[in-house]
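Engineer: Contents of entry.txt (compact mmCIF, C-alpha atoms):
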```txt
# COMPACT_ATOMS: atom_id res chain seq x y z
CA MET A 13 190.25 -58.32 237.36
CA ASN A 14 190.72 -61.86 238.48
CA ASP A 15 191.50 -60.70 242.04
CA GLY A 16 188.36 -58.61 242.07
CA ARG A 17 186.34 -61.62 241.07
CA ARG A 18 187.91 -63.65 243.91
CA THR A 19 187.06 -60.98 246.46
CA PHE A 20 183.52 -60.79 245.19
CA LEU A 21 183.11 -64.55 245.46
CA LYS A 22 184.51 -64.55 248.99
CA SER A 23 182.28 -61.77 250.24
CA GLY A 24 179.33 -63.35 248.47
CA GLY A 25 180.07 -66.61 250.26
CA GLY A 26 180.25 -64.79 253.58
CA VAL A 27 176.86 -63.22 253.13
CA THR A 28 175.35 -66.57 252.23
CA LEU A 29 176.79 -68.14 255.36
CA LEU A 30 175.45 -65.34 257.55
CA THR A 31 172.04 -65.64 255.95
CA LEU A 32 172.07 -69.36 256.53
CA LEU A 33 173.04 -68.89 260.18
CA ALA A 34 170.28 -66.37 260.68
CA ALA A 35 167.83 -68.72 259.01
CA ALA A 36 169.04 -71.56 261.22
CA GLY A 37 168.49 -69.39 264.30
CA TRP A 38 164.96 -68.69 263.23
CA LEU A 39 164.32 -72.30 262.45
CA ASP A 40 165.47 -73.33 265.94
CA ALA A 41 163.21 -70.71 267.47
CA GLU A 42 160.26 -71.79 265.36
CA GLU A 43 160.90 -75.37 266.28
CA ALA A 44 160.93 -74.50 269.98
CA LEU A 45 157.62 -72.71 269.62
CA ALA A 46 156.05 -75.53 267.68
CA GLN A 47 156.86 -77.91 270.52
CA THR A 48 153.61 -79.43 271.61
CA TRP A 49 152.07 -77.80 274.63
CA ASN A 50 152.63 -80.14 277.58
CA LYS A 51 148.98 -81.10 278.07
CA ALA A 52 149.80 -83.85 280.56
CA ALA A 53 151.60 -81.39 282.84
CA PHE A 54 148.82 -78.79 282.64
CA ASP A 55 146.19 -81.40 283.54
CA THR A 56 147.80 -82.37 286.85
CA HIS A 57 146.37 -81.75 290.30
CA SER A 58 149.29 -82.34 292.67
CA LEU A 59 152.89 -81.29 292.97
CA GLY A 60 154.07 -84.87 292.56
CA ASP A 61 152.01 -85.44 289.40
CA THR A 62 153.14 -82.15 287.90
CA LEU A 63 156.78 -82.99 288.55
CA HIS A 64 156.27 -86.38 287.02
CA ALA A 65 154.65 -84.88 283.91
CA LEU A 66 157.46 -82.34 283.59
CA GLY A 67 159.94 -85.19 283.78
CA GLY A 68 161.31 -84.10 287.13
CA ASN A 69 162.52 -85.91 290.21
CA GLU A 70 161.98 -85.11 293.90
CA PRO A 71 162.59 -81.37 294.22
CA ALA A 72 164.88 -80.00 296.92
CA GLN A 73 163.60 -77.15 299.09
CA SER A 74 165.63 -74.10 298.21
CA ARG A 75 166.24 -70.76 299.87
CA ASP A 76 167.75 -69.48 296.65
CA ILE A 77 164.33 -69.06 295.05
CA GLU A 78 162.56 -65.85 295.96
CA PHE A 79 159.13 -64.51 295.26
CA VAL A 80 159.25 -60.92 294.07
CA GLN A 81 156.33 -58.54 293.53
CA THR A 82 154.05 -61.23 294.95
CA PRO A 83 151.50 -59.99 297.51
CA GLU A 84 150.71 -61.59 300.87
CA ILE A 85 147.05 -60.83 300.31
CA ALA A 86 145.44 -60.58 296.88
CA GLU A 87 142.11 -58.79 296.89
CA ASN A 88 141.20 -60.02 293.42
CA GLY A 89 142.09 -63.62 292.61
CA ALA A 90 141.58 -62.97 288.90
CA VAL A 91 144.76 -60.92 288.70
CA VAL A 92 147.52 -61.86 291.13
CA PRO A 93 151.04 -60.63 290.32
CA VAL A 94 153.66 -63.34 290.75
CA GLY A 95 157.37 -62.91 290.29
CA VAL A 96 159.99 -65.59 290.76
CA ALA A 97 163.73 -64.97 291.04
CA SER A 98 166.11 -67.91 291.09
CA LYS A 99 169.65 -67.50 292.34
CA ILE A 100 170.49 -71.11 291.52
CA PRO A 101 173.29 -71.31 288.94
CA LYS A 102 172.37 -72.74 285.53
CA THR A 103 168.65 -72.19 285.99
CA GLU A 104 167.00 -73.66 282.90
CA SER A 105 163.32 -73.26 283.59
CA ILE A 106 160.92 -71.76 286.11
CA ALA A 107 157.42 -73.15 286.65
CA ILE A 108 154.64 -71.55 288.68
CA LEU A 109 152.18 -73.90 290.40
CA ILE A 110 149.11 -72.98 292.40
CA GLU A 111 148.17 -75.69 294.86
CA LYS A 112 144.43 -75.14 295.16
CA ASN A 113 143.61 -74.24 291.56
CA PRO A 114 141.61 -76.79 289.52
CA ASN A 115 144.79 -77.47 287.56
CA MET A 116 147.96 -76.90 289.48
CA LEU A 117 150.39 -75.80 286.79
CA ALA A 118 150.02 -72.16 285.74
CA ALA A 119 153.06 -71.53 283.58
CA VAL A 120 156.46 -72.86 282.59
CA PHE A 121 159.17 -70.47 281.43
CA ASP A 122 162.27 -71.74 279.66
CA VAL A 123 165.21 -69.52 280.47
CA PRO A 124 168.02 -69.66 277.91
CA ALA A 125 171.60 -68.77 278.89
CA GLY A 126 171.93 -64.99 278.94
CA THR A 127 168.41 -64.43 280.26
CA ASP A 128 168.14 -63.55 283.96
CA PRO A 129 166.20 -66.21 285.90
CA VAL A 130 163.76 -63.56 287.09
CA ILE A 131 160.24 -63.74 285.66
CA SER A 132 157.10 -61.76 286.46
CA THR A 133 153.58 -62.44 285.30
CA ARG A 134 149.99 -62.39 286.58
CA VAL A 135 147.94 -65.45 287.47
CA LYS A 136 144.42 -66.40 288.55
CA MET A 137 143.83 -67.98 291.95
CA ALA A 138 140.62 -69.78 292.86
CA GLN A 139 141.20 -69.34 296.60
CA THR A 140 143.85 -68.80 299.26
CA SER A 141 146.64 -71.18 298.39
CA ASN A 142 150.31 -71.93 298.37
CA ILE A 143 152.14 -70.88 295.24
CA TYR A 144 155.09 -73.08 294.34
CA ALA A 145 158.01 -71.93 292.27
CA LEU A 146 159.66 -74.94 290.70
CA VAL A 147 163.12 -74.32 289.28
CA LYS A 148 165.04 -76.70 287.06
CA ALA A 149 168.77 -76.01 287.22
CA ASP A 150 171.54 -78.15 285.80
CA GLY A 151 169.07 -81.04 285.43
CA ARG A 152 167.88 -80.93 289.07
CA TYR A 153 164.65 -79.58 290.52
CA TYR A 154 164.27 -77.09 293.37
CA VAL A 155 161.12 -75.72 294.94
CA ALA A 156 159.99 -72.85 297.15
CA ALA A 157 156.51 -71.98 298.38
CA LYS A 158 154.63 -68.87 299.43
CA GLU A 159 151.09 -68.59 300.68
CA VAL A 160 148.91 -65.92 299.08
CA LYS A 161 145.58 -65.12 300.70
CA VAL A 162 142.79 -64.41 298.26
CA THR A 163 139.81 -62.28 299.22
CA LEU A 164 137.82 -62.84 296.02
CA GLY A 165 138.41 -65.97 293.91
CA GLY A 166 139.39 -65.65 290.26
CA CYS A 167 138.03 -68.88 288.81
CA GLY A 168 134.49 -70.10 288.26
CA GLY A 169 131.72 -67.54 288.92
CA MET B 10 144.77 -62.62 264.79
CA GLY B 11 144.06 -61.02 268.13
CA GLU B 12 144.76 -57.47 269.21
CA PRO B 13 148.29 -56.03 269.01
CA MET B 14 150.55 -56.60 272.00
CA LYS B 15 152.14 -53.77 273.89
CA ILE B 16 155.86 -54.43 274.06
CA ARG B 17 158.40 -52.27 275.85
CA ALA B 18 162.10 -53.10 275.82
CA THR B 19 164.46 -50.88 277.76
CA LEU B 20 168.24 -51.06 277.90
CA THR B 21 169.85 -50.35 281.28
CA GLY B 22 173.59 -50.88 281.41
CA ASP B 23 174.17 -54.24 279.71
CA THR B 24 170.71 -55.62 280.46
CA THR B 25 167.53 -55.32 278.45
CA GLU B 26 164.24 -55.44 280.31
CA VAL B 27 161.27 -56.63 278.29
CA LYS B 28 157.66 -56.04 279.31
CA VAL B 29 154.81 -57.47 277.28
CA LEU B 30 151.08 -56.94 277.67
CA MET B 31 148.92 -59.18 275.50
CA THR B 32 145.21 -58.94 274.84
CA HIS B 33 143.57 -62.31 275.23
CA ALA B 34 140.51 -63.70 277.05
CA MET B 35 142.49 -66.61 278.61
CA GLU B 36 139.18 -68.44 279.11
CA THR B 37 139.74 -71.30 281.59
CA GLY B 38 136.97 -73.60 280.41
CA GLN B 39 135.50 -73.56 283.93
CA ARG B 40 133.54 -70.32 283.83
CA LYS B 41 129.81 -70.29 283.19
CA ASP B 42 128.01 -67.50 281.34
CA ALA B 43 124.68 -65.94 282.33
CA GLN B 44 122.78 -68.84 280.69
CA GLY B 45 124.71 -71.39 282.73
CA GLN B 46 126.66 -72.56 279.68
CA THR B 47 130.31 -73.32 280.27
CA SER B 48 132.54 -71.07 278.20
CA PRO B 49 135.00 -73.29 276.33
CA ALA B 50 138.68 -72.97 277.18
CA TRP B 51 140.55 -70.54 274.98
CA LEU B 52 144.03 -69.55 276.05
CA ILE B 53 147.49 -68.62 274.88
CA GLN B 54 149.57 -71.77 275.22
CA THR B 55 153.00 -71.01 273.82
CA ILE B 56 155.04 -67.82 273.76
CA LEU B 57 158.40 -67.11 272.18
CA VAL B 58 160.47 -63.96 272.58
CA THR B 59 163.45 -63.44 270.29
CA TRP B 60 166.17 -60.80 270.13
CA ASN B 61 167.86 -60.54 266.73
CA GLY B 62 166.43 -63.95 265.91
CA LYS B 63 167.85 -65.59 269.06
CA SER B 64 165.44 -66.97 271.64
CA VAL B 65 165.60 -65.05 274.93
CA LEU B 66 162.51 -66.58 276.53
CA SER B 67 159.94 -69.21 275.72
CA ALA B 68 157.00 -70.28 277.80
CA GLN B 69 154.03 -72.59 278.03
CA TRP B 70 150.95 -71.27 279.76
CA GLY B 71 147.92 -72.89 281.30
CA PRO B 72 144.48 -71.48 282.08
CA ALA B 73 145.71 -69.98 285.36
CA VAL B 74 147.53 -67.16 283.60
CA ALA B 75 145.40 -64.06 284.07
CA LYS B 76 143.27 -62.49 281.34
CA ASN B 77 145.24 -60.04 279.17
CA PRO B 78 148.53 -61.64 280.18
CA PHE B 79 151.49 -59.64 281.40
CA LEU B 80 155.06 -60.83 281.24
CA SER B 81 158.33 -59.24 282.20
CA PHE B 82 161.92 -60.50 282.20
CA ARG B 83 165.49 -59.34 281.56
CA PHE B 84 168.33 -60.60 279.44
CA LYS B 85 172.01 -59.71 279.11
CA GLY B 86 172.85 -57.86 275.92
CA GLY B 87 170.86 -55.84 273.46
CA ALA B 88 171.53 -52.47 271.92
CA LYS B 89 169.26 -49.54 271.30
CA GLY B 90 167.31 -50.16 268.10
CA ASP B 91 167.60 -53.97 268.21
CA LYS B 92 164.37 -55.80 267.40
CA ILE B 93 162.49 -57.74 270.03
CA VAL B 94 159.88 -60.06 268.52
CA VAL B 95 157.14 -61.66 270.61
CA ARG B 96 154.96 -64.43 269.27
CA TRP B 97 152.11 -66.36 270.82
CA ILE B 98 149.96 -69.28 269.70
CA ASP B 99 146.63 -70.00 271.37
CA SER B 100 144.59 -73.14 271.86
CA ARG B 101 142.55 -72.42 268.71
CA GLY B 102 145.74 -72.30 266.66
CA ASP B 103 145.43 -68.55 266.31
CA GLN B 104 148.70 -66.67 266.56
CA ARG B 105 150.09 -63.21 266.69
CA THR B 106 153.56 -61.73 266.22
CA ASP B 107 154.53 -58.22 267.26
CA GLU B 108 157.84 -56.46 267.50
CA ALA B 109 159.42 -53.49 269.23
CA SER B 110 162.80 -51.80 269.19
CA ILE B 111 164.96 -51.64 272.29
CA ALA B 112 164.92 -48.10 273.67
```
Here is the file; what I need is its structure written in the form of structure tokens.
Structural biologist:
Amino acid sequence: MNDGRRTFLKSGGGVTLLTLLAAAGWLDAEEALAQTWNKAAFDTHSLGDTLHALGGNEPAQSRDIEFVQTPEIAENGAVVPVGVASKIPKTESIAILIEKNPNMLAAVFDVPAGTDPVISTRVKMAQTSNIYALVKADGRYYVAAKEVKVTLGGCGG
Amino acid sequence: MGEPMKIRATLTGDTTEVKVLMTHAMETGQRKDAQGQTSPAWLIQTILVTWNGKSVLSAQWGPAVAKNPFLSFRFKGGAKGDKIVVRWIDSRGDQRTDEASIA
């Protein structure tokens, strides 16, 4: 009887701990989401300013960043597929910047450990421009560029 | 609340590929309507993707992300039937959460 009660208490304790851990996981995730949107970074107009706003230093040119599924020529600037693959170890985040857009920064993706540093999305481009992929890895910044020609602009109108 | 997202999560080997299609105007704040009035900016700003409650991707977006945003990425792990939850918050404070099972 007494033993049974012990076992019950133990298993009960285990469940509580698991529940707490799960709750903690959710709380962390919620906290990450509630992080204020980096307005300063999204308001920038040059690579240097964007880096500064993201808290970065001078980025190193890297051949280990590749553009995937990104066209040479985009007929419609309103929907341009962009994919970035980083082969740099310990990649923490990937940012996509479009040089000649009114605001340079398009998106920042935070890549937790376990997630492949390969991201695809679709962006708008005002005109033919360089696209920069800015990768933060192990606290350092790396950059690669690709020019995409736009036949029909995707901003304004 | 927004329209439901389309989420597809597929397990290949030990890697789960997640594809998300959201429905959102992603208004840049630069466009003018037929009356010459500037349409105010209205865009998804933060996104969080979790797998079993663990963050597998988070992002901040600006106005240059295309209308009806698309996102795809892969992460190590996952099992068929596991829940993938995607959540976004837009610049009006509106938010939406949708989930899908890994297939």
Engineer: Find the distance between CA of Ile111 in chain B and CA of Ser132 in chain A and write it in Å to one decimal.
Structural biologist: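 A separation of 19.1 Å between them.
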Engineer: Can you check which residues of chain B have any atom within 7 Å of chain A? Use all atoms listed in the file and format it as a PyMOL selection string.
Structural biologist: chain B and resi 39-41+54-57+62-75+78-85
Engineer: With only C-alpha atoms as the basis for distance, which of A:Glu159, A:Ala149, A:Glu111, A:Ala86 is at the shortest distance from Ser58 in chain A?
Structural biologist: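 Counting only C-alpha atoms, the residue closest to Ser58 in chain A is A:Glu111.
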Engineer: What separation in Å, quoted to one decimal, exists between CA of His64 in chain A and CA of Trp97 in chain B?
Structural biologist: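 One can read the CA of His64 in chain A to CA of Trp97 in chain B distance as 26.1 Å.
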Engineer: Check the smallest atom-to-atom distance from each of B:Ser110, B:Val58, B:Val95, B:Ala88 to Asp23 in chain B using all atoms listed in the file, then report the winner.
Structural biologist: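 Answer, going by the shortest atom-to-atom distance: B:Ala88.
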Engineer: What is the CA of Ala97 in chain A-CA of Trp51 in chain B distance in Å, reported with one decimal?
Structural biologist: 28.7 Å
Engineer: Have a look at A:Asp150, A:Lys161, A:Lys112, A:Lys99 and name the one nearest to Ser74 in chain A; count all atoms listed in the file.
Structural biologist: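 Smallest separation from Ser74 in chain A among the options: A:Lys99.
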